[in-house]
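Have a look at query-v2.cif below; it lists mmCIF, C-alpha atoms.
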```cif
data_model
#
loop_
_atom_site.label_atom_id
_atom_site.label_comp_id
_atom_site.auth_asym_id
_atom_site.auth_seq_id
_atom_site.Cartn_x
_atom_site.Cartn_y
_atom_site.Cartn_z
CA MET A 1 127.58 128.90 93.60
CA ASN A 2 126.00 127.04 96.51
CA GLU A 3 125.16 130.27 98.28
CA LEU A 4 123.44 131.49 95.17
CA LEU A 5 121.22 128.38 95.01
CA THR A 6 120.23 128.58 98.67
CA SER A 7 119.43 132.30 98.52
CA PRO A 8 115.77 133.27 97.98
CA LEU A 9 116.85 134.90 94.70
CA PHE A 10 117.11 131.46 93.07
CA GLY A 11 113.63 130.17 93.92
CA ILE A 12 111.93 133.47 93.11
CA THR A 13 113.73 133.97 89.79
CA LEU A 14 113.16 130.36 88.71
CA THR A 15 109.44 130.49 89.56
CA LEU A 16 108.80 133.82 87.82
CA LEU A 17 110.87 132.89 84.76
CA VAL A 18 109.28 129.45 84.31
CA TYR A 19 105.76 130.79 84.97
CA ARG A 20 106.28 133.58 82.41
CA LEU A 21 107.44 131.05 79.79
CA ALA A 22 104.50 128.76 80.64
CA GLU A 23 102.12 131.70 80.23
CA ILE A 24 103.58 132.53 76.79
CA LEU A 25 103.26 128.86 75.78
CA TYR A 26 99.59 128.85 76.83
CA ARG A 27 98.81 132.14 75.05
CA ARG A 28 100.45 130.97 71.82
CA THR A 29 98.84 127.52 71.75
CA ARG A 30 95.58 127.93 73.74
CA PHE A 31 95.93 124.18 74.36
CA ILE A 32 94.08 123.38 77.61
CA LEU A 33 96.64 120.84 78.84
CA PHE A 34 99.23 123.66 78.83
CA ASN A 35 97.69 125.31 81.90
CA PRO A 36 100.45 127.69 83.10
CA VAL A 37 100.31 126.53 86.76
CA ALA A 38 100.53 122.83 85.84
CA VAL A 39 103.27 123.40 83.23
CA ALA A 40 105.29 125.57 85.64
CA ILE A 41 105.05 122.98 88.46
CA VAL A 42 106.15 120.10 86.21
CA SER A 43 108.97 122.14 84.62
CA ILE A 44 110.38 123.32 87.95
CA ILE A 45 110.31 119.76 89.35
CA LEU A 46 112.21 118.61 86.24
CA VAL A 47 114.81 121.40 86.61
CA LEU A 48 115.35 120.55 90.30
CA LYS A 49 115.62 116.81 89.59
CA VAL A 50 117.97 117.20 86.59
CA PHE A 51 120.36 119.50 88.45
CA ALA A 52 119.92 117.61 91.75
CA ILE A 53 118.88 120.77 93.60
CA PRO A 54 117.14 120.01 96.93
CA TYR A 55 113.54 121.20 97.27
CA GLN A 56 114.52 123.05 100.47
CA ASP A 57 116.94 125.27 98.49
CA TYR A 58 114.24 126.11 95.95
CA ASN A 59 111.71 126.71 98.70
CA ASN A 60 113.80 129.47 100.33
CA GLY A 61 112.46 131.65 97.53
CA GLY A 62 109.34 129.58 96.88
CA ARG A 63 107.83 130.31 100.28
CA MET A 64 108.12 134.04 99.64
CA ILE A 65 105.96 133.65 96.55
CA LEU A 66 103.57 131.40 98.43
CA PHE A 67 103.28 134.11 101.09
CA LEU A 68 101.52 136.38 98.58
CA LEU A 69 98.67 133.86 98.43
CA GLY A 70 97.52 135.14 101.85
CA PRO A 71 96.80 138.77 100.84
CA SER A 72 95.43 137.47 97.49
CA VAL A 73 92.74 135.51 99.30
CA VAL A 74 91.88 138.68 101.27
CA ALA A 75 91.78 140.57 97.93
CA LEU A 76 89.01 138.21 96.71
CA ALA A 77 86.71 140.44 98.79
CA VAL A 78 87.01 143.05 95.99
CA PRO A 79 85.32 141.11 93.15
CA LEU A 80 82.79 139.76 95.69
CA TYR A 81 81.92 143.31 96.78
CA GLN A 82 81.69 144.55 93.18
CA ARG A 83 79.27 141.73 92.28
CA ARG A 84 77.39 141.68 95.60
CA GLN A 85 73.93 142.26 94.09
CA GLU A 86 74.15 139.36 91.65
CA ILE A 87 75.54 137.11 94.39
CA LEU A 88 72.94 138.05 97.04
CA SER A 89 70.15 137.43 94.56
CA ARG A 90 71.42 133.84 94.22
CA LYS A 91 71.76 133.04 97.92
CA ILE A 92 69.86 129.74 97.82
CA PRO A 93 71.38 128.22 94.65
CA ILE A 94 74.86 129.16 95.92
CA PHE A 95 74.29 127.77 99.41
CA VAL A 96 72.70 124.50 98.25
CA GLY A 97 75.28 124.04 95.48
CA ILE A 98 78.22 124.42 97.85
CA VAL A 99 76.83 122.18 100.62
CA ALA A 100 75.88 119.47 98.10
CA GLY A 101 79.32 119.77 96.49
CA ALA A 102 81.12 119.51 99.84
CA LEU A 103 79.16 116.35 100.71
CA ALA A 104 79.74 114.86 97.25
CA SER A 105 83.46 115.60 97.55
CA ILE A 106 83.92 113.93 100.94
CA ILE A 107 81.87 110.84 100.05
CA SER A 108 83.13 110.29 96.49
CA ALA A 109 86.83 110.89 97.19
CA ALA A 110 86.96 108.69 100.28
CA GLY A 111 84.56 106.11 98.80
CA ILE A 112 86.45 105.60 95.55
CA ALA A 113 89.84 105.39 97.30
CA TRP A 114 88.39 102.89 99.79
CA LEU A 115 86.81 100.73 97.06
CA LEU A 116 90.13 100.62 95.20
CA GLY A 117 91.90 99.32 98.28
CA GLY A 118 93.52 102.48 99.62
CA SER A 119 94.94 102.25 103.13
CA HIS A 120 93.08 103.90 105.99
CA GLU A 121 95.44 106.93 106.18
CA VAL A 122 95.32 107.46 102.40
CA VAL A 123 91.50 107.35 102.34
CA LEU A 124 91.35 109.94 105.14
CA SER A 125 93.92 112.13 103.35
CA LEU A 126 91.59 112.38 100.34
CA VAL A 127 88.63 113.68 102.36
CA PRO A 128 89.47 117.43 102.20
CA LYS A 129 91.03 117.45 98.71
CA SER A 130 88.62 120.06 97.23
CA VAL A 131 89.26 122.54 100.02
CA THR A 132 91.80 125.37 99.98
CA THR A 133 95.23 124.32 101.36
CA PRO A 134 95.20 125.90 104.86
CA ILE A 135 91.73 124.50 105.70
CA ALA A 136 92.49 121.11 104.12
CA ILE A 137 95.59 120.71 106.27
CA GLY A 138 93.64 121.51 109.42
CA ILE A 139 90.96 118.91 108.56
CA THR A 140 93.41 116.15 107.66
CA GLU A 141 95.33 116.70 110.92
CA LYS A 142 92.13 116.30 112.91
CA ILE A 143 90.94 113.08 111.27
CA GLY A 144 94.37 111.41 111.08
CA GLY A 145 95.29 111.65 107.40
CA ILE A 146 98.78 112.30 106.02
CA VAL A 147 99.25 116.09 105.91
CA PRO A 148 101.79 116.34 103.04
CA LEU A 149 99.73 113.94 100.92
CA THR A 150 96.64 116.09 101.41
CA ALA A 151 98.63 119.20 100.45
CA ALA A 152 99.77 117.48 97.25
CA LEU A 153 96.25 116.29 96.37
CA VAL A 154 94.80 119.76 96.94
CA VAL A 155 97.19 121.13 94.29
CA LEU A 156 96.43 118.22 91.94
CA THR A 157 92.69 118.83 92.31
CA GLY A 158 93.19 122.55 91.72
CA CYS A 159 95.24 121.99 88.55
CA LEU A 160 92.66 119.54 87.24
CA GLY A 161 89.88 122.10 87.70
CA ALA A 162 91.99 124.84 86.12
CA ILE A 163 92.95 122.66 83.15
CA CYS A 164 89.53 121.38 82.18
CA GLY A 165 86.93 122.59 84.74
CA PRO A 166 85.12 125.15 82.55
CA GLU A 167 85.29 122.80 79.52
CA PHE A 168 83.83 119.92 81.57
CA CYS A 169 81.05 122.18 82.89
CA ARG A 170 80.00 123.18 79.37
CA LEU A 171 80.14 119.52 78.32
CA ILE A 172 77.60 118.56 81.00
CA GLY A 173 75.25 121.34 79.97
CA LEU A 174 76.14 124.20 82.30
CA ARG A 175 75.91 127.53 80.49
CA SER A 176 75.72 130.37 83.02
CA ASN A 177 78.81 131.98 84.54
CA ALA A 178 77.19 131.58 87.97
CA ALA A 179 76.93 127.77 87.62
CA ILE A 180 80.40 127.37 86.08
CA GLY A 181 82.03 129.66 88.66
CA LEU A 182 80.35 127.90 91.56
CA ALA A 183 81.20 124.41 90.25
CA VAL A 184 84.86 125.18 89.52
CA GLY A 185 85.38 127.15 92.76
CA THR A 186 83.78 124.43 94.91
CA ALA A 187 85.67 121.58 93.24
CA SER A 188 89.07 123.16 92.72
CA HIS A 189 89.41 126.13 95.11
CA GLY A 190 92.01 128.85 94.40
CA ILE A 191 93.77 127.36 91.38
CA GLY A 192 90.49 126.89 89.51
CA THR A 193 89.38 130.36 90.66
CA ALA A 194 92.61 131.93 89.39
CA ARG A 195 91.90 130.67 85.87
CA LEU A 196 88.30 131.92 85.97
CA LEU A 197 89.37 135.38 87.18
CA GLY A 198 91.38 135.75 83.98
CA GLU A 199 88.40 134.84 81.81
CA ASN A 200 85.26 136.15 83.48
CA ARG A 201 85.11 138.42 86.52
CA PHE A 202 81.68 137.28 87.69
CA ALA A 203 82.52 133.57 87.46
CA GLY A 204 85.78 134.34 89.29
CA ALA A 205 83.97 136.25 92.05
CA ILE A 206 81.52 133.39 92.67
CA ALA A 207 84.37 130.87 92.62
CA GLY A 208 86.19 133.00 95.21
CA LEU A 209 83.13 132.89 97.44
CA ALA A 210 82.97 129.10 96.97
CA ILE A 211 86.57 128.70 98.22
CA GLY A 212 85.67 130.13 101.61
CA LEU A 213 82.21 128.57 101.91
CA ASN A 214 83.28 125.09 100.78
CA GLY A 215 86.15 125.24 103.27
CA LEU A 216 83.69 126.10 106.00
CA ALA A 217 81.12 123.49 104.89
CA THR A 218 83.71 120.69 104.69
CA ALA A 219 85.26 121.66 108.04
CA LEU A 220 81.79 121.40 109.64
CA LEU A 221 80.51 118.34 107.71
CA VAL A 222 83.51 116.08 108.36
CA PRO A 223 83.09 115.95 112.19
CA LEU A 224 79.32 115.56 111.67
CA LEU A 225 79.74 112.59 109.29
CA TRP A 226 82.28 111.18 111.71
CA LEU A 227 79.69 111.23 114.51
CA LEU A 228 76.97 109.73 112.30
CA PHE A 229 78.98 106.91 110.75
CA GLY A 230 81.91 106.65 113.13
CA TRP A 231 84.64 105.73 110.71
CA MET B 1 99.28 150.85 95.59
CA LEU B 2 101.24 150.74 98.83
CA GLN B 3 98.16 151.85 100.74
CA GLY B 4 96.19 148.95 99.25
CA MET B 5 98.89 146.41 100.16
CA VAL B 6 98.96 147.75 103.73
CA LEU B 7 95.18 147.37 104.03
CA LEU B 8 95.16 143.82 102.61
CA LEU B 9 97.97 142.75 104.94
CA LEU B 10 96.27 144.38 107.93
CA PHE B 11 93.04 142.51 107.24
CA GLN B 12 94.99 139.27 106.86
CA PHE B 13 96.82 140.03 110.11
CA VAL B 14 93.57 140.56 112.03
CA GLY B 15 92.09 137.44 110.38
CA GLU B 16 95.10 135.29 111.34
CA GLY B 17 94.95 136.70 114.86
CA LEU B 18 91.28 135.86 115.30
CA SER B 19 91.75 132.40 113.77
CA SER B 20 94.51 131.43 116.19
CA MET B 21 93.11 133.15 119.31
CA LEU B 22 89.61 131.69 118.92
CA ARG B 23 90.98 128.37 117.53
CA LEU B 24 88.60 128.61 114.57
CA PRO B 25 88.66 125.84 111.96
CA ILE B 26 88.84 128.54 109.25
CA PRO B 27 92.22 129.93 108.14
CA GLY B 28 93.10 133.56 108.84
CA ASN B 29 93.18 134.71 105.23
CA VAL B 30 89.58 133.54 104.64
CA ILE B 31 88.50 135.40 107.82
CA GLY B 32 90.43 138.43 106.53
CA MET B 33 88.47 138.24 103.26
CA ALA B 34 85.16 138.11 105.17
CA LEU B 35 86.17 141.07 107.39
CA LEU B 36 87.23 143.14 104.37
CA LEU B 37 83.91 142.36 102.68
CA VAL B 38 82.06 143.58 105.79
CA ALA B 39 84.23 146.72 105.95
CA LEU B 40 83.53 147.48 102.26
CA ALA B 41 79.78 146.86 102.72
CA PHE B 42 79.59 149.28 105.67
CA GLY B 43 81.73 151.87 103.89
CA TRP B 44 84.51 151.74 106.51
CA VAL B 45 86.93 150.97 103.68
CA LYS B 46 86.54 152.54 100.23
CA LEU B 47 87.04 150.37 97.17
CA GLU B 48 89.40 152.97 95.58
CA TRP B 49 91.83 152.60 98.51
CA LEU B 50 92.76 149.05 97.62
CA GLU B 51 91.40 148.27 94.17
CA GLU B 52 94.77 148.64 92.42
CA ALA B 53 96.67 146.37 94.85
CA ALA B 54 93.86 143.79 94.85
CA GLU B 55 93.72 143.66 91.04
CA LEU B 56 97.48 143.18 90.82
CA LEU B 57 97.48 140.29 93.32
CA LEU B 58 94.43 138.62 91.76
CA SER B 59 95.92 138.75 88.27
CA TYR B 60 98.93 136.74 89.51
CA MET B 61 97.09 134.55 92.02
CA ALA B 62 97.59 131.38 89.97
CA MET B 63 101.38 131.81 90.06
CA PHE B 64 101.44 131.95 93.87
CA PHE B 65 100.36 128.28 93.99
CA VAL B 66 103.38 127.07 92.01
CA PRO B 67 105.80 126.60 94.96
CA ALA B 68 103.16 124.56 96.85
CA GLY B 69 102.74 122.35 93.79
CA VAL B 70 106.49 121.82 93.43
CA GLY B 71 106.35 120.41 97.00
CA VAL B 72 104.61 117.35 95.50
CA MET B 73 108.10 116.11 94.49
CA LEU B 74 108.80 115.26 98.13
CA TYR B 75 105.97 112.70 98.18
CA PHE B 76 106.41 110.87 94.88
CA GLY B 77 107.27 107.71 96.84
CA LEU B 78 104.06 107.74 98.85
CA ILE B 79 101.91 108.56 95.82
CA GLY B 80 103.68 105.84 93.79
CA ARG B 81 102.88 103.12 96.33
CA GLU B 82 99.10 103.67 96.31
CA TRP B 83 98.73 105.56 93.06
CA LEU B 84 95.47 103.96 91.89
CA PRO B 85 93.20 104.81 94.86
CA ILE B 86 94.87 108.22 95.21
CA VAL B 87 94.68 109.31 91.58
CA ALA B 88 91.29 107.74 90.79
CA GLY B 89 89.74 109.09 94.00
CA THR B 90 91.05 112.59 93.37
CA VAL B 91 90.25 112.82 89.66
CA VAL B 92 86.80 111.21 89.64
CA SER B 93 85.71 113.08 92.76
CA THR B 94 86.75 116.44 91.28
CA PHE B 95 84.41 115.89 88.31
CA VAL B 96 81.64 114.57 90.59
CA VAL B 97 81.79 117.77 92.67
CA MET B 98 81.65 120.01 89.59
CA ALA B 99 78.62 118.12 88.28
CA VAL B 100 76.74 118.09 91.61
CA THR B 101 77.43 121.75 92.44
CA GLY B 102 76.87 123.01 88.90
CA TRP B 103 73.59 121.13 88.43
CA CYS B 104 72.27 122.27 91.83
CA GLU B 105 72.98 125.87 90.87
CA LYS B 106 71.44 125.45 87.43
CA LEU B 107 68.31 123.80 88.83
CA LEU B 108 67.68 126.44 91.51
CA ASP B 109 68.82 129.60 89.70
CA LYS B 110 66.17 130.91 87.32
CA GLN B 111 67.75 134.29 86.62
CA GLU B 112 68.95 135.62 83.34
CA GLU B 113 72.55 136.65 83.63
CA SER B 114 74.00 140.02 82.78
CA GLN B 115 77.20 139.55 80.82
CA PRO B 116 80.64 140.39 82.33
#
```

Could I get this structure in the form of structure tokens?
Amino acid sequence: MNELLTSPLFGITLTLLVYRLAEILYRRTRFILFNPVAVAIVSIILVLKVFAIPYQDYNNGGRMILFLLGPSVVALAVPLYQRRQEILSRKIPIFVGIVAGALASIISAAGIAWLLGGSHEVVLSLVPKSVTTPIAIGITEKIGGIVPLTAALVVLTGCLGAICGPEFCRLIGLRSNAAIGLAVGTASHGIGTARLLGENRFAGAIAGLAIGLNGLATALLVPLLWLLFGW
Amino acid sequence: MLQGMVLLLLFQFVGEGLSSMLRLPIPGNVIGMALLLVALAFGWVKLEWLEEAAELLLSYMAMFFVPAGVGVMLYFGLIGREWLPIVAGTVVSTFVVMAVTGWCEKLLDKQEESQP
């Protein structure tokens, strides 16, 4: 039995099964809080806790699924290429939107945590929370945040954007797919993008572009802000 | 299908290689995406060669994040100790970014949009 739980078969089967069920739940109900990624994460944590299965056992299979994220990010070049004309014709709005968003993310995340009495390491860990996981980890290492905390907050941010990003955007008066895609992609990277891809290809393509560009902008802005303000 | 997977992995491989050799602050898969975009734009790679594999991966992209999210369970203790600054900072800032980015785009983009 133990061998079965530590084999990759367990983590892979559990993830696919729970995600499939979460997807059915979302399709049946269309209730935004039932975002399949968020529901699957919470359900798998519950299963592991209830049966006292160590995360490491689950992750033997989990990391194989996570591996597929790499080629998926490369595959984002396909919708970008298909929509290249519409994207190139919006160079300036896209560039300004992403740089402003990256600045707003760094300042508001760190500022709010600092005002509420967060410790120095925690405040620094929040700085790259809107950036895709591999870039966020690199940034947090450099500035002295807590790497696992940053990784967790990146996923939390992503789920938040996937759960209610497009709804929030419409609420504040954004109508075009370009604006919604850019806002959700900049704020909540790949997880937000994944939801958009299922709903609107163009919004998904722009969000995919925002993942890379926001990562780049944040990676460049953080050392710059550091020099200017010397936290 | 297989051909497309091979191409995507090759681009990721080259991207990861460049990222680590040149010590770039950008992860290899994002560099791989940029290189593939360049290759498509110059016609070195044809869209048909990898469209099928790319569509398959993109349609399941959300699921690939699940194991990373489950990893949160290892840090419940840390998050519990300073939950207010952590949760408030993350949540409020996510909405701030969407508003700032979305409004900038809306303000500067005067085009009519062709539907999906």

(request) Compute the distance from (86.1, 121.9, 91.6) to each atom, counting all atoms listed in the file, keep the residues with any atom at most 8 Å away, and return them as a VMD selection string; use the coordinates of the file. (result) (chain A and resid 130 157 to 158 161 165 183 to 189 192) or (chain B and resid 94 to 95 97 to 98)

Suppose a student applies the PyMOL selection byres ((chain B and resi 46-54) around 10) to this structure; what residues should they get, written as a short mmCIF file (atom, residue, chain, number, x, y, z; two decimals) with C-alpha atoms, in the frame of the given file?
```cif
data_model
loop_
_atom_site.label_atom_id
_atom_site.label_comp_id
_atom_site.auth_asym_id
_atom_site.auth_seq_id
_atom_site.Cartn_x
_atom_site.Cartn_y
_atom_site.Cartn_z
CA PRO A 71 96.80 138.77 100.84
CA SER A 72 95.43 137.47 97.49
CA VAL A 73 92.74 135.51 99.30
CA VAL A 74 91.88 138.68 101.27
CA ALA A 75 91.78 140.57 97.93
CA LEU A 76 89.01 138.21 96.71
CA ALA A 77 86.71 140.44 98.79
CA VAL A 78 87.01 143.05 95.99
CA PRO A 79 85.32 141.11 93.15
CA TYR A 81 81.92 143.31 96.78
CA GLN A 82 81.69 144.55 93.18
CA MET B 1 99.28 150.85 95.59
CA LEU B 2 101.24 150.74 98.83
CA GLN B 3 98.16 151.85 100.74
CA GLY B 4 96.19 148.95 99.25
CA MET B 5 98.89 146.41 100.16
CA VAL B 6 98.96 147.75 103.73
CA LEU B 7 95.18 147.37 104.03
CA LEU B 8 95.16 143.82 102.61
CA ALA B 39 84.23 146.72 105.95
CA LEU B 40 83.53 147.48 102.26
CA ALA B 41 79.78 146.86 102.72
CA PHE B 42 79.59 149.28 105.67
CA GLY B 43 81.73 151.87 103.89
CA TRP B 44 84.51 151.74 106.51
CA VAL B 45 86.93 150.97 103.68
CA GLU B 55 93.72 143.66 91.04
CA LEU B 56 97.48 143.18 90.82
CA LEU B 57 97.48 140.29 93.32
CA LEU B 58 94.43 138.62 91.76
CA SER B 59 95.92 138.75 88.27
#
```

(request) Between A:Ile92, A:His120, A:Ser43, A:Pro128, single out the one closest to Ile106 of chain A, counting all atoms listed in the file. (result) A:Pro128

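Counting only C-alpha atoms and comparing A:Thr133, A:Ser125, A:Thr140, A:Ser108, the residue that lies closest to chain B is A:Ser108.
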
(request) Apply the PyMOL selection byres ((chain B and resi 76-93) around 8) to the structure shown and report the selected residues as a VMD selection string. (result) (chain A and resid 104 to 105 108 to 118 122 to 123 126 129 149 153 156 to 157 160) or (chain B and resid 72 to 75 94 to 97)

Taking a cut-off of 10 Å and counting only C-alpha atoms, can you build a table that, for each residue of segment 27-94 of chain B near segment 209-223 of chain A, reports the nearest atom pair and how far apart they are in Å (one decimal), sorted by chain then residue number, as a tab-separated table?
```
residue	atom	partner	partner_atom	distance
B:Pro27	CA	A:Gly215	CA	9.1
B:Asn29	CA	A:Gly212	CA	9.5
B:Val30	CA	A:Gly212	CA	6.0
B:Ile31	CA	A:Gly212	CA	8.6
B:Met33	CA	A:Gly212	CA	8.7
B:Ala34	CA	A:Gly212	CA	8.8
```

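Counting from atom CA of Val155 of chain A, the distance to atom CA of Gly69 of chain B is 5.7 Å.
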
(message) Assuming the chain letters and numbering stay as they are in my file, what does the PyMOL selection byres ((chain B and resi 106) around 12) actually select? List them as an MDAnalysis selection string.
(response) (chainID A and resid 90 92:94 96:97 169:170 172:183) or (chainID B and resid 98:105 107:113)

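Comparing the minimum interatomic distances between chain B and each of A:Lys142, A:Arg30, A:Arg83, A:Arg63, counting only C-alpha atoms, we find that A:Arg63 sits nearest.
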
(request) Using all atoms listed in the file, find the one residue out of B:Gly32, B:Gly17, B:Val38, B:Leu24 that sits nearest to chain A. (result) B:Gly32

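Take the candidates B:Val70, B:Gly28, B:Glu16, B:Met21 and check each one against chain A using only C-alpha atoms; the shortest distance goes to B:Val70.
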
(request) Determine, counting all atoms listed in the file, which protein, DNA and RNA residues have an atom within 6 Å of an atom of Ala205 of chain A; residues of the same chain fewer than 2 positions away are not included. Present the result as a count of residues only. (result) 6

(message) With 10 Å as the threshold, what does the neighbourhood of (107.8, 130.3, 84.4) contain in terms of residues, counting all atoms listed in the file? Coordinates are those of the file; answer as a ChimeraX atom specification.
(response) /A:13-25,36-37,39-41,43-44 /B:63,66

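The interatomic distance for the pair atom CA of Met61 of chain B and atom CA of Phe67 of chain A works out to 11.0 Å.
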
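Nearest to chain A of all the residues B:Leu10, B:Leu22, B:Leu35, B:Phe64 is B:Phe64, based on only C-alpha atoms.
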
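Across the model, the gap from atom CA of Ser19 of chain B to atom CA of Leu225 of chain A is 23.6 Å.
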
Listed atoms of segment 163-176 of chain A, axis-aligned box, 3 Å per side: centre and edge lengths to one decimal in Å, as JSON?
```
{"center_x": 84.1, "center_y": 124.5, "center_z": 81.5, "size_x": 23.7, "size_y": 17.8, "size_z": 12.4}
```
